[in-house]
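Data from start-v1.tsv: TSV, C-alpha atoms
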```
chain	number	residue	atom	x	y	z
Z	11	MET	CA	100.02	-3.09	225.31
Z	12	LYS	CA	101.39	-6.56	224.68
Z	13	ASN	CA	103.00	-6.57	228.12
Z	14	ASN	CA	99.72	-5.58	229.78
Z	15	ALA	CA	97.85	-8.34	227.97
Z	16	LEU	CA	100.46	-10.88	229.03
Z	17	GLN	CA	100.29	-9.65	232.65
Z	18	PHE	CA	96.50	-9.85	232.62
Z	19	SER	CA	96.51	-13.36	231.16
Z	20	LEU	CA	99.03	-14.54	233.69
Z	21	PHE	CA	97.06	-13.01	236.56
Z	22	VAL	CA	93.86	-14.69	235.39
Z	23	LEU	CA	95.69	-18.02	235.27
Z	24	VAL	CA	97.04	-17.50	238.81
Z	25	ALA	CA	93.55	-16.54	240.03
Z	26	VAL	CA	91.92	-19.62	238.52
Z	27	LEU	CA	94.61	-21.86	240.00
Z	28	GLY	CA	94.17	-20.22	243.38
Z	29	LEU	CA	90.41	-20.70	243.40
Z	30	THR	CA	90.18	-24.17	241.91
Z	31	GLY	CA	93.47	-25.86	241.32
Z	32	PRO	CA	96.11	-27.55	243.44
Z	33	VAL	CA	97.56	-25.24	246.08
Z	34	VAL	CA	101.14	-26.17	245.16
Z	35	VAL	CA	100.75	-25.15	241.54
Z	36	PHE	CA	99.08	-21.91	242.63
Z	37	VAL	CA	101.99	-21.04	244.96
Z	38	VAL	CA	104.59	-21.67	242.25
Z	39	SER	CA	102.72	-19.59	239.68
Z	40	ALA	CA	102.14	-16.80	242.21
Z	41	VAL	CA	105.87	-16.64	243.00
Z	42	ILE	CA	106.72	-16.44	239.31
Z	43	TYR	CA	104.13	-13.69	238.84
Z	44	ALA	CA	105.50	-11.76	241.80
Z	45	PHE	CA	109.00	-11.90	240.35
Z	46	LEU	CA	107.85	-10.67	236.95
Z	47	TYR	CA	105.54	-7.91	238.16
Z	48	ALA	CA	104.99	-5.87	241.32
Z	49	GLY	CA	102.24	-8.32	242.28
Z	50	ILE	CA	100.08	-6.18	244.56
Z	51	GLU	CA	96.98	-7.72	242.99
Z	52	LEU	CA	98.13	-11.04	244.43
Z	53	ILE	CA	97.32	-9.68	247.88
Z	54	VAL	CA	93.76	-8.96	246.75
Z	55	LEU	CA	93.53	-12.48	245.31
Z	56	ALA	CA	94.78	-13.95	248.59
Z	57	ALA	CA	92.16	-11.86	250.46
Z	58	ILE	CA	89.46	-13.28	248.16
Z	59	ILE	CA	90.63	-16.82	248.95
Z	60	ASP	CA	90.66	-16.10	252.68
Z	61	ALA	CA	87.24	-14.44	252.59
Z	62	TYR	CA	85.61	-17.24	250.60
Z	63	PHE	CA	87.27	-20.41	251.84
Z	64	GLY	CA	88.32	-19.21	255.28
Z	65	TYR	CA	85.08	-17.56	256.34
Z	66	GLY	CA	83.92	-18.80	259.70
Z	67	GLY	CA	87.27	-20.34	260.52
Z	68	SER	CA	89.79	-19.46	263.18
Z	69	GLY	CA	90.21	-15.92	261.88
Z	70	MET	CA	93.90	-16.25	261.00
Z	71	TYR	CA	93.86	-15.14	257.38
Z	72	VAL	CA	96.97	-17.02	256.48
Z	73	TYR	CA	96.94	-16.56	252.74
Z	74	THR	CA	96.80	-12.75	252.94
Z	75	LEU	CA	99.53	-12.60	255.56
Z	76	VAL	CA	101.85	-14.99	253.77
Z	77	THR	CA	101.31	-13.30	250.41
Z	78	GLY	CA	102.07	-9.87	251.87
Z	79	VAL	CA	105.23	-11.07	253.59
Z	80	GLY	CA	106.30	-13.06	250.54
Z	81	LEU	CA	105.85	-10.07	248.23
Z	82	LEU	CA	107.90	-7.88	250.59
Z	83	CYS	CA	110.71	-10.44	250.54
Z	84	ILE	CA	110.63	-10.78	246.77
Z	85	GLN	CA	110.64	-7.01	246.23
Z	86	ALA	CA	113.49	-6.60	248.68
Z	87	LEU	CA	115.52	-9.35	247.02
Z	88	LYS	CA	114.75	-8.40	243.43
Z	89	PRO	CA	117.63	-5.90	242.97
Z	90	TYR	CA	120.14	-8.54	244.09
Z	91	LEU	CA	118.64	-11.30	241.96
Z	92	LEU	CA	118.15	-9.56	238.61
Z	93	MET	CA	121.57	-9.27	236.99
Z	94	TYR	CA	120.76	-6.78	234.25
Z	95	GLN	CA	119.94	-4.07	236.77
Z	96	GLN	CA	123.40	-4.39	238.20
V	8	MET	CA	128.66	19.84	240.52
V	9	LYS	CA	127.19	17.92	237.67
V	10	LYS	CA	124.90	15.09	238.69
V	11	PHE	CA	125.76	11.95	236.77
V	12	SER	CA	122.88	10.07	235.16
V	13	SER	CA	123.86	6.77	236.80
V	14	ILE	CA	123.37	8.30	240.25
V	15	THR	CA	120.02	9.73	239.16
V	16	ARG	CA	118.95	6.34	237.84
V	17	GLY	CA	120.15	4.66	241.01
V	18	ASN	CA	118.20	7.07	243.17
V	19	TYR	CA	115.12	6.57	240.99
V	20	ARG	CA	115.35	2.80	241.39
V	21	ARG	CA	115.62	3.07	245.16
V	22	THR	CA	112.65	5.46	245.30
V	23	SER	CA	110.58	3.18	243.07
V	24	GLN	CA	111.43	0.15	245.21
V	25	ASN	CA	110.49	1.99	248.41
V	26	LYS	CA	107.21	2.99	246.80
V	27	ASN	CA	106.46	-0.64	245.92
V	28	LEU	CA	107.26	-1.84	249.42
V	29	THR	CA	105.01	0.83	250.91
V	30	ARG	CA	102.18	-0.10	248.55
V	31	ILE	CA	102.49	-3.78	249.48
V	32	VAL	CA	102.40	-3.07	253.21
V	33	VAL	CA	99.44	-0.71	252.90
V	34	THR	CA	97.48	-3.11	250.67
V	35	THR	CA	98.11	-6.02	253.03
V	36	LEU	CA	97.02	-4.02	256.06
V	37	VAL	CA	93.89	-2.75	254.34
V	38	CYS	CA	92.91	-6.27	253.26
V	39	LEU	CA	93.48	-7.69	256.74
V	40	VAL	CA	91.49	-4.91	258.39
V	41	LEU	CA	88.58	-5.49	256.02
V	42	LEU	CA	88.75	-9.25	256.60
V	43	PHE	CA	88.54	-8.77	260.36
V	44	LEU	CA	85.90	-6.00	260.30
V	45	VAL	CA	83.44	-7.25	257.70
V	46	PRO	CA	84.20	-10.94	256.97
V	47	LYS	CA	80.62	-11.89	256.14
V	48	ALA	CA	80.15	-9.03	253.69
V	49	LEU	CA	83.39	-9.89	251.91
V	50	HIS	CA	82.40	-13.56	251.85
V	51	VAL	CA	79.10	-12.73	250.17
V	52	VAL	CA	80.68	-10.33	247.68
V	53	PHE	CA	83.51	-12.67	246.74
V	54	SER	CA	81.08	-15.59	246.45
V	55	VAL	CA	79.69	-13.76	243.43
V	56	VAL	CA	83.23	-13.46	242.02
V	57	VAL	CA	84.07	-17.12	242.66
V	58	ALA	CA	80.73	-18.52	241.46
V	59	PRO	CA	81.43	-18.33	237.70
V	60	ILE	CA	84.84	-19.97	238.15
V	61	ASN	CA	83.28	-22.83	240.12
V	62	GLY	CA	80.53	-23.04	237.55
V	63	VAL	CA	83.04	-23.45	234.75
V	64	LYS	CA	84.98	-26.01	236.75
V	65	THR	CA	81.81	-27.98	237.46
V	66	TRP	CA	80.83	-27.73	233.79
V	67	VAL	CA	84.20	-29.07	232.63
V	68	ALA	CA	84.30	-31.77	235.31
V	69	GLU	CA	80.70	-32.92	235.25
V	70	SER	CA	78.83	-31.57	232.23
V	71	GLY	CA	77.61	-33.85	229.50
V	72	GLY	CA	78.32	-31.28	226.79
V	73	SER	CA	80.39	-32.32	223.81
V	74	LEU	CA	83.36	-30.15	224.60
V	75	PRO	CA	83.78	-31.29	228.21
V	76	MET	CA	83.23	-34.89	227.23
V	77	TYR	CA	85.73	-34.56	224.42
V	78	LEU	CA	88.19	-33.09	226.86
V	79	ARG	CA	87.55	-35.76	229.45
V	80	ASN	CA	87.00	-38.64	227.10
V	81	ARG	CA	84.51	-39.83	229.59
V	82	THR	CA	81.93	-41.47	227.38
V	83	GLU	CA	84.33	-44.04	226.04
V	84	LEU	CA	85.60	-44.86	229.51
V	85	VAL	CA	82.08	-45.17	230.96
V	86	ASP	CA	80.95	-47.35	228.04
V	87	GLU	CA	84.03	-49.48	228.43
V	88	ILE	CA	83.40	-49.83	232.18
V	89	HIS	CA	79.76	-50.73	231.50
V	90	THR	CA	80.71	-53.30	228.88
V	91	LEU	CA	83.35	-54.85	231.09
V	92	ARG	CA	80.95	-55.04	234.02
V	93	GLN	CA	78.34	-56.73	231.86
V	94	GLU	CA	80.86	-59.23	230.58
V	95	LEU	CA	82.02	-59.98	234.10
V	96	ALA	CA	78.44	-60.33	235.36
V	97	THR	CA	77.36	-62.65	232.56
V	98	VAL	CA	80.41	-64.97	232.79
V	99	GLY	CA	78.94	-67.63	235.09
V	100	GLY	CA	77.84	-65.46	238.12
V	101	ASP	CA	81.24	-64.37	239.46
V	102	ILE	CA	80.99	-64.18	243.24
V	103	PHE	CA	83.51	-61.34	243.38
V	104	THR	CA	81.48	-59.17	241.02
V	105	LEU	CA	78.33	-59.90	242.95
V	106	ASN	CA	80.01	-58.91	246.20
V	107	THR	CA	81.31	-55.70	244.63
V	108	LEU	CA	77.89	-54.72	243.33
V	109	VAL	CA	76.26	-55.56	246.64
V	110	LYS	CA	78.82	-53.49	248.51
V	111	GLU	CA	78.40	-50.54	246.15
V	112	ASN	CA	74.64	-50.84	246.41
V	113	LYS	CA	74.89	-50.93	250.18
V	114	GLU	CA	77.20	-47.93	250.18
V	115	LEU	CA	74.85	-45.92	248.00
V	116	ARG	CA	71.83	-46.96	250.09
V	117	GLY	CA	73.69	-45.94	253.20
V	118	LEU	CA	74.66	-42.60	251.71
V	119	LEU	CA	71.10	-41.90	250.69
V	120	GLY	CA	69.75	-42.84	254.10
V	121	ASP	CA	67.89	-46.06	253.46
V	122	HIS	CA	66.55	-45.84	257.03
V	123	GLY	CA	64.10	-43.18	255.93
V	124	GLU	CA	65.90	-39.83	255.92
V	125	GLN	CA	66.01	-38.12	252.54
V	126	ARG	CA	69.46	-37.14	251.30
V	127	VAL	CA	71.13	-35.85	248.18
V	128	LEU	CA	73.95	-37.91	246.71
V	129	ALA	CA	76.89	-35.78	245.59
V	130	GLY	CA	80.26	-36.37	244.02
V	131	VAL	CA	83.37	-34.72	245.42
V	132	ILE	CA	85.07	-32.46	242.87
V	133	GLY	CA	87.55	-30.73	245.18
V	134	ARG	CA	89.11	-31.86	248.42
V	135	PRO	CA	91.75	-30.70	250.96
V	136	GLY	CA	95.15	-30.56	249.36
V	137	VAL	CA	93.65	-29.20	246.17
V	138	LEU	CA	91.42	-26.54	247.71
V	139	PRO	CA	92.63	-24.08	250.34
V	140	TYR	CA	91.58	-24.84	253.94
V	141	ASP	CA	89.87	-28.09	254.93
V	142	THR	CA	86.98	-27.82	252.51
V	143	LEU	CA	85.24	-30.05	250.03
V	144	MET	CA	83.60	-28.96	246.82
V	145	ILE	CA	80.65	-31.11	245.76
V	146	ASP	CA	78.80	-31.20	242.47
V	147	ARG	CA	75.30	-30.62	243.82
V	148	GLY	CA	73.79	-27.26	244.72
V	149	THR	CA	70.56	-25.47	245.48
V	150	GLN	CA	68.92	-26.78	242.33
V	151	GLU	CA	69.29	-30.32	243.67
V	152	GLY	CA	68.10	-29.47	247.18
V	153	VAL	CA	71.33	-28.62	248.98
V	154	VAL	CA	70.91	-25.88	251.59
V	155	THR	CA	73.41	-23.92	253.68
V	156	GLY	CA	73.94	-25.51	257.09
V	157	ALA	CA	72.98	-29.01	255.96
V	158	PRO	CA	75.08	-31.91	257.28
V	159	VAL	CA	77.31	-33.87	254.91
V	160	PHE	CA	77.68	-37.62	255.48
V	161	ILE	CA	80.13	-40.30	254.47
V	162	GLY	CA	78.90	-43.83	254.92
V	163	GLU	CA	75.56	-44.26	256.57
V	164	ASN	CA	75.76	-42.04	259.59
V	165	THR	CA	79.10	-40.26	259.87
V	166	VAL	CA	78.90	-36.48	259.50
V	167	ILE	CA	82.14	-34.92	258.33
V	168	GLY	CA	81.07	-31.32	257.87
V	169	ILE	CA	78.36	-28.86	257.00
V	170	VAL	CA	77.50	-26.96	253.84
V	171	LYS	CA	78.98	-23.49	254.13
V	172	HIS	CA	77.88	-22.03	250.81
V	173	ALA	CA	75.73	-23.36	247.99
V	174	THR	CA	75.34	-22.15	244.45
V	175	ALA	CA	73.00	-23.49	241.80
V	176	HIS	CA	75.02	-26.59	240.92
V	177	SER	CA	77.83	-26.81	243.45
V	178	ALA	CA	78.43	-26.32	247.14
V	179	LEU	CA	81.33	-25.68	249.47
V	180	VAL	CA	81.51	-27.92	252.53
V	181	GLU	CA	83.37	-26.91	255.68
V	182	LEU	CA	84.84	-30.00	257.31
V	183	ALA	CA	84.84	-30.64	261.03
V	184	THR	CA	88.61	-30.82	260.83
V	185	THR	CA	89.11	-27.31	259.44
V	186	ALA	CA	91.31	-25.10	261.63
V	187	GLY	CA	89.25	-23.42	264.32
V	188	PHE	CA	86.16	-25.66	264.01
V	189	GLU	CA	84.95	-26.55	267.52
V	190	ALA	CA	82.60	-29.36	268.49
V	191	THR	CA	81.52	-31.29	271.56
V	192	VAL	CA	82.60	-34.91	271.38
V	193	TYR	CA	82.13	-38.00	273.49
V	194	ILE	CA	85.04	-40.42	273.81
V	195	ILE	CA	84.04	-44.05	274.33
V	196	GLY	CA	86.60	-45.66	276.59
V	197	PRO	CA	87.11	-43.04	279.25
V	198	ASP	CA	83.42	-42.17	278.60
V	199	ILE	CA	83.83	-38.42	278.82
V	200	TYR	CA	82.45	-35.37	277.09
V	201	THR	CA	85.08	-32.92	275.91
V	202	ASN	CA	85.67	-30.28	273.27
V	203	ALA	CA	87.41	-31.05	270.02
V	204	VAL	CA	89.09	-28.49	267.81
V	205	GLY	CA	89.86	-28.91	264.14
V	206	ILE	CA	93.54	-28.41	263.35
V	207	GLY	CA	93.44	-28.94	259.61
V	208	GLY	CA	94.86	-31.77	257.56
V	209	GLY	CA	91.87	-33.98	258.37
V	210	GLN	CA	92.56	-34.07	262.11
V	211	LEU	CA	90.55	-33.18	265.21
V	212	ARG	CA	92.33	-32.58	268.49
V	213	VAL	CA	90.85	-33.30	271.89
V	214	GLY	CA	92.49	-32.00	275.04
V	215	VAL	CA	91.92	-33.60	278.42
V	216	PRO	CA	93.71	-33.23	281.78
V	217	GLN	CA	96.36	-35.70	282.81
V	218	GLY	CA	94.87	-38.53	284.82
V	219	ILE	CA	92.08	-39.24	282.37
V	220	GLU	CA	93.11	-42.27	280.39
V	221	ILE	CA	92.65	-41.90	276.65
V	222	SER	CA	94.16	-44.53	274.39
V	223	GLU	CA	94.76	-45.03	270.72
V	224	GLY	CA	91.70	-46.69	269.26
V	225	ASP	CA	89.16	-45.02	271.55
V	226	LEU	CA	86.08	-44.26	269.52
V	227	VAL	CA	84.95	-40.65	269.19
V	228	VAL	CA	81.33	-39.64	268.68
V	229	LEU	CA	79.86	-36.23	267.77
V	230	PRO	CA	76.55	-36.35	269.64
V	231	SER	CA	75.53	-32.85	268.55
V	232	ILE	CA	74.95	-33.95	264.99
V	233	THR	CA	73.16	-37.24	265.47
V	234	SER	CA	75.82	-39.23	263.75
V	235	GLY	CA	77.48	-42.53	264.40
V	236	VAL	CA	81.10	-42.92	265.28
V	237	TYR	CA	83.13	-40.07	263.77
V	238	GLY	CA	86.51	-41.75	264.08
V	239	GLU	CA	89.02	-43.01	266.58
V	240	VAL	CA	91.93	-41.58	268.49
V	241	SER	CA	94.92	-42.31	266.30
V	242	VAL	CA	97.69	-40.66	268.32
V	243	VAL	CA	97.91	-39.66	272.00
V	244	GLN	CA	100.39	-36.96	272.97
V	245	SER	CA	101.00	-37.10	276.70
V	246	GLU	CA	103.91	-35.80	278.73
V	247	ALA	CA	103.93	-36.40	282.47
V	248	SER	CA	105.40	-32.94	283.10
V	249	ARG	CA	102.47	-31.18	281.41
V	250	PRO	CA	99.00	-30.84	282.97
V	251	GLU	CA	97.19	-31.63	279.73
V	252	GLN	CA	97.32	-34.36	277.14
V	253	TYR	CA	96.05	-34.38	273.59
V	254	GLY	CA	94.47	-36.99	271.41
V	255	TYR	CA	94.36	-36.64	267.65
V	256	VAL	CA	91.28	-38.02	265.95
V	257	SER	CA	91.06	-39.11	262.35
V	258	PRO	CA	87.81	-39.97	260.60
V	259	GLU	CA	87.21	-43.59	259.71
V	260	VAL	CA	87.49	-42.91	256.01
V	261	PRO	CA	90.56	-40.94	254.83
V	262	LEU	CA	89.49	-37.61	253.35
V	263	SER	CA	91.68	-38.13	250.30
V	264	SER	CA	89.73	-41.25	249.33
V	265	ILE	CA	86.25	-39.76	249.62
V	266	ARG	CA	84.53	-40.01	246.29
V	267	LEU	CA	80.85	-39.75	247.16
V	268	VAL	CA	79.04	-38.04	250.00
V	269	SER	CA	75.39	-37.57	250.88
V	270	VAL	CA	73.90	-34.28	252.01
V	271	GLY	CA	70.93	-33.91	254.32
V	272	ILE	CA	68.11	-31.71	253.10
V	273	THR	CA	67.58	-29.86	256.37
V	274	PRO	CA	70.11	-27.75	258.28
V	275	ILE	CA	71.55	-29.07	261.52
V	276	GLN	CA	69.59	-28.13	264.62
V	277	SER	CA	71.26	-27.61	267.99
V	278	VAL	CA	70.52	-30.31	270.57
V	279	SER	CA	70.15	-30.16	274.33
V	280	PHE	CA	72.29	-32.22	276.71
V	281	GLU	CA	69.40	-34.63	277.34
V	282	GLU	CA	68.96	-35.19	273.62
V	283	ALA	CA	72.71	-35.74	273.25
V	284	GLN	CA	72.59	-38.35	276.02
V	285	ALA	CA	69.74	-40.14	274.28
V	286	ILE	CA	71.63	-40.07	270.98
V	287	LEU	CA	74.72	-41.50	272.67
V	288	THR	CA	72.71	-44.31	274.24
V	289	GLU	CA	71.35	-45.22	270.85
V	290	ILE	CA	74.79	-45.09	269.22
V	291	LYS	CA	76.34	-47.27	271.95
V	292	SER	CA	73.49	-49.73	271.61
V	293	ASP	CA	73.99	-49.91	267.84
V	294	LEU	CA	77.72	-50.32	268.30
V	295	PHE	CA	77.70	-53.11	270.81
V	296	THR	CA	74.61	-55.14	269.92
V	297	VAL	CA	74.23	-57.54	267.03
V	298	PRO	CA	70.80	-58.64	265.74
V	299	VAL	CA	71.20	-62.39	266.47
V	300	PRO	CA	68.17	-64.52	265.45
V	301	ASP	CA	66.04	-65.80	268.35
V	302	THR	CA	66.71	-69.41	267.39
V	303	ILE	CA	70.43	-68.93	267.98
V	304	LEU	CA	70.51	-66.42	270.80
V	305	VAL	CA	70.75	-67.96	274.26
V	306	ASP	CA	69.72	-65.70	277.11
V	307	LEU	CA	67.45	-65.70	280.15
V	308	GLU	CA	64.35	-65.15	278.06
V	309	ASN	CA	65.02	-67.71	275.30
V	310	GLY	CA	67.12	-70.50	276.96
V	311	THR	CA	65.64	-73.62	278.82
V	312	THR	CA	65.53	-73.56	282.63
V	313	THR	CA	66.71	-76.25	285.11
V	314	SER	CA	63.18	-77.06	286.41
V	315	SER	CA	61.75	-77.72	282.94
V	316	THR	CA	64.74	-79.92	282.09
V	317	SER	CA	64.27	-81.88	285.35
V	318	ASP	CA	60.54	-82.37	284.61
V	319	VAL	CA	61.35	-83.87	281.24
V	320	THR	CA	63.97	-86.19	282.77
V	321	GLU	CA	61.53	-87.41	285.43
V	322	GLU	CA	58.88	-88.11	282.81
V	323	GLU	CA	61.36	-90.11	280.77
V	324	ASN	CA	62.40	-92.14	283.87
V	325	GLU	CA	58.77	-92.93	284.72
V	326	GLU	CA	58.22	-94.25	281.26
```

Target format C-alpha cells, applied to this file:
Amino acid sequence: MKNNALQFSLFVLVAVLGLTGPVVVFVVSAVIYAFLYAGIELIVLAAIIDAYFGYGGSGMYVYTLVTGVGLLCIQALKPYLLMYQQ
Amino acid sequence: MKKFSSITRGNYRRTSQNKNLTRIVVTTLVCLVLLFLVPKALHVVFSVVVAPINGVKTWVAESGGSLPMYLRNRTELVDEIHTLRQELATVGGDIFTLNTLVKENKELRGLLGDHGEQRVLAGVIGRPGVLPYDTLMIDRGTQEGVVTGAPVFIGENTVIGIVKHATAHSALVELATTAGFEATVYIIGPDIYTNAVGIGGGQLRVGVPQGIEISEGDLVVLPSITSGVYGEVSVVQSEASRPEQYGYVSPEVPLSSIRLVSVGITPIQSVSFEEAQAILTEIKSDLFTVPVPDTILVDLENGTTTSSTSDVTEEENEE
C-alpha cells in the first residue's frame, strides 16, 4: 500500500515536471522512475506530451519513441545493474 | 529429477522480464498508432487533462492570492522596485531613468499596436528549453480575448507564432521555428520568395539552389502574416558540390529573452500573392525611408533650382 502510494506520488511529480517544468529535470526524474518501476505509464505520459505540445507539428512524435526505446533499454539492462538480484 | 528453486526463480525472472518488454513494445506501438490516426482527438482530450496543471502553474506564477505571493515574495520585490524607481525619478531628473521609461513605454505601445490595431499584452510564463517543442506559454487566455489562430507579436510588428490552444487564463503559442512549421518568406538581398521550415531551437531554415546569392545579414520577411522583418540570415551553409544551399534565420530578439508579447484579437487570414506583394512594398518602404522634416530634406521638390538662383543674382547685380 505504502509502495503504491509512493509510486503514485512519484508518477504525479514526473507528470507535472513533464507538462510544466524544465525538460532536463523531467528526463532525469523519468529515468529514475523507470529504474524503480516498470514505467509503462511513462509511455502514456510521453504520448500526452506529444499530443498536446506536438500537435500540428512535423508528425515525428519524438517523446513517445524515445521513451519507448529508453524503457526497453532500461528493462534489458536492469538485471545486470541491480546487484541484489544476482 | 528434482527442480531446484533457484532455477525456478531464475526462469520466473526471465519470464517476467520478457512480459515487461512485450508490454512496453505493445504500449509504445498503440500510442504511436493513435497519435498518427487521431491526433486532433487526442489533442482535444489531453488538453482537458493538461488544463488544470497549467491553471495551477498560472495561479502560482501570476495569481495575487496570499499563498502564491508568499511563495514568490513578489509584493515586497514589486514595492521595492516601485520605491527605487520613484527615488531615481525624483533625484534631479536622471536622464538615464527617463530614457529607460521612454523605451519601456515605447515597447509597450509597440506591443499593444499604437498604430490602431487592438492587441492583448501577455507575459511569457514558459518558453523553449523549459517546455517541450518550440512553444511559448503566455498568461492570457480566452477571458482576456485571446483566440486560437491569433498572431503573437514581439516588438511592434514581428510575428513569431500563432496561438495553438487557449484556455481561460493561459494559451499555448506555436512558434514559427517549431520543427515542421512551414512558411513563405521573402529574402531582401537576393529579393526572392522561398519556403522556410522551422527546425526547432529558435531557427528557421531556408533552402535555395546554388547560384542564388544569400549572405549573412540578409533580412527575412514573412509577407503572409503582415509583419515587419522577422529576422536575418545568421549562417549560410553552402557547399559547391551540392545543388542546394541553406540559410539559417534567427529572429531579431532571442527567444530566451522574450518577456512580453502582444497577441492580436483576430485569427490570421491567408493572403493572396498580390496582397503579399503590396505588404512587401510597404515593409521595404518603411525599412529604407526615414521621415526627414521638409526643412532639412533636399530633393527635386524642395531644393532651389539654377534658374531661380540666377534670377536672384541678376537682380542683385542690377542693384

Who sits within 12 Å of Val166 of chain V, all atoms listed in the file, same chain under 5 positions skipped, as an NGL selection string: :V and (118 or 157-161 or 180-184 or 228-238 or 258-260 or 268-271 or 275)

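Within 7 Å of chain Z, counting all atoms listed in the file, chain V contributes Leu28, Ile31, Val32, Thr35, Cys38, Leu42, Pro46, Leu49, His50, Phe53, Ser54, Gly136, Val137, Leu138, Pro139, Tyr140, Ala186, Gly187 and Phe188 of chain V.
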
Which residues are near segment 12-20 of chain Z? Cut-off 9 Å, all atoms listed in the file, ignore same chain within fewer than 6 positions. Put them as a VMD selection string. chain Z and resid 39 43 46 to 47

By how many Å are atom CA of Gln150 of chain V and atom CA of His176 of chain V apart? 6.3 Å

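For the pair atom CA of Gly208 of chain V and atom CA of Asp141 of chain V, the separation is 6.7 Å.
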
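Here atom CA of Ile219 of chain V and atom CA of Pro197 of chain V stand 7.0 Å from one another.
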
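Shortest atom-to-atom contact with Glu163 of chain V among V:Gly148, V:Arg116, V:His89, V:Thr302: V:Arg116, counting all atoms listed in the file.
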
Give the centre and edge lengths of an axis-aligned box, in Å to one decimal, that holds all listed atoms of segment 259-268 of chain V with 3 Å on each side, as JSON.
```
{"center_x": 85.4, "center_y": -40.6, "center_z": 253.0, "size_x": 18.6, "size_y": 12.0, "size_z": 19.4}
```
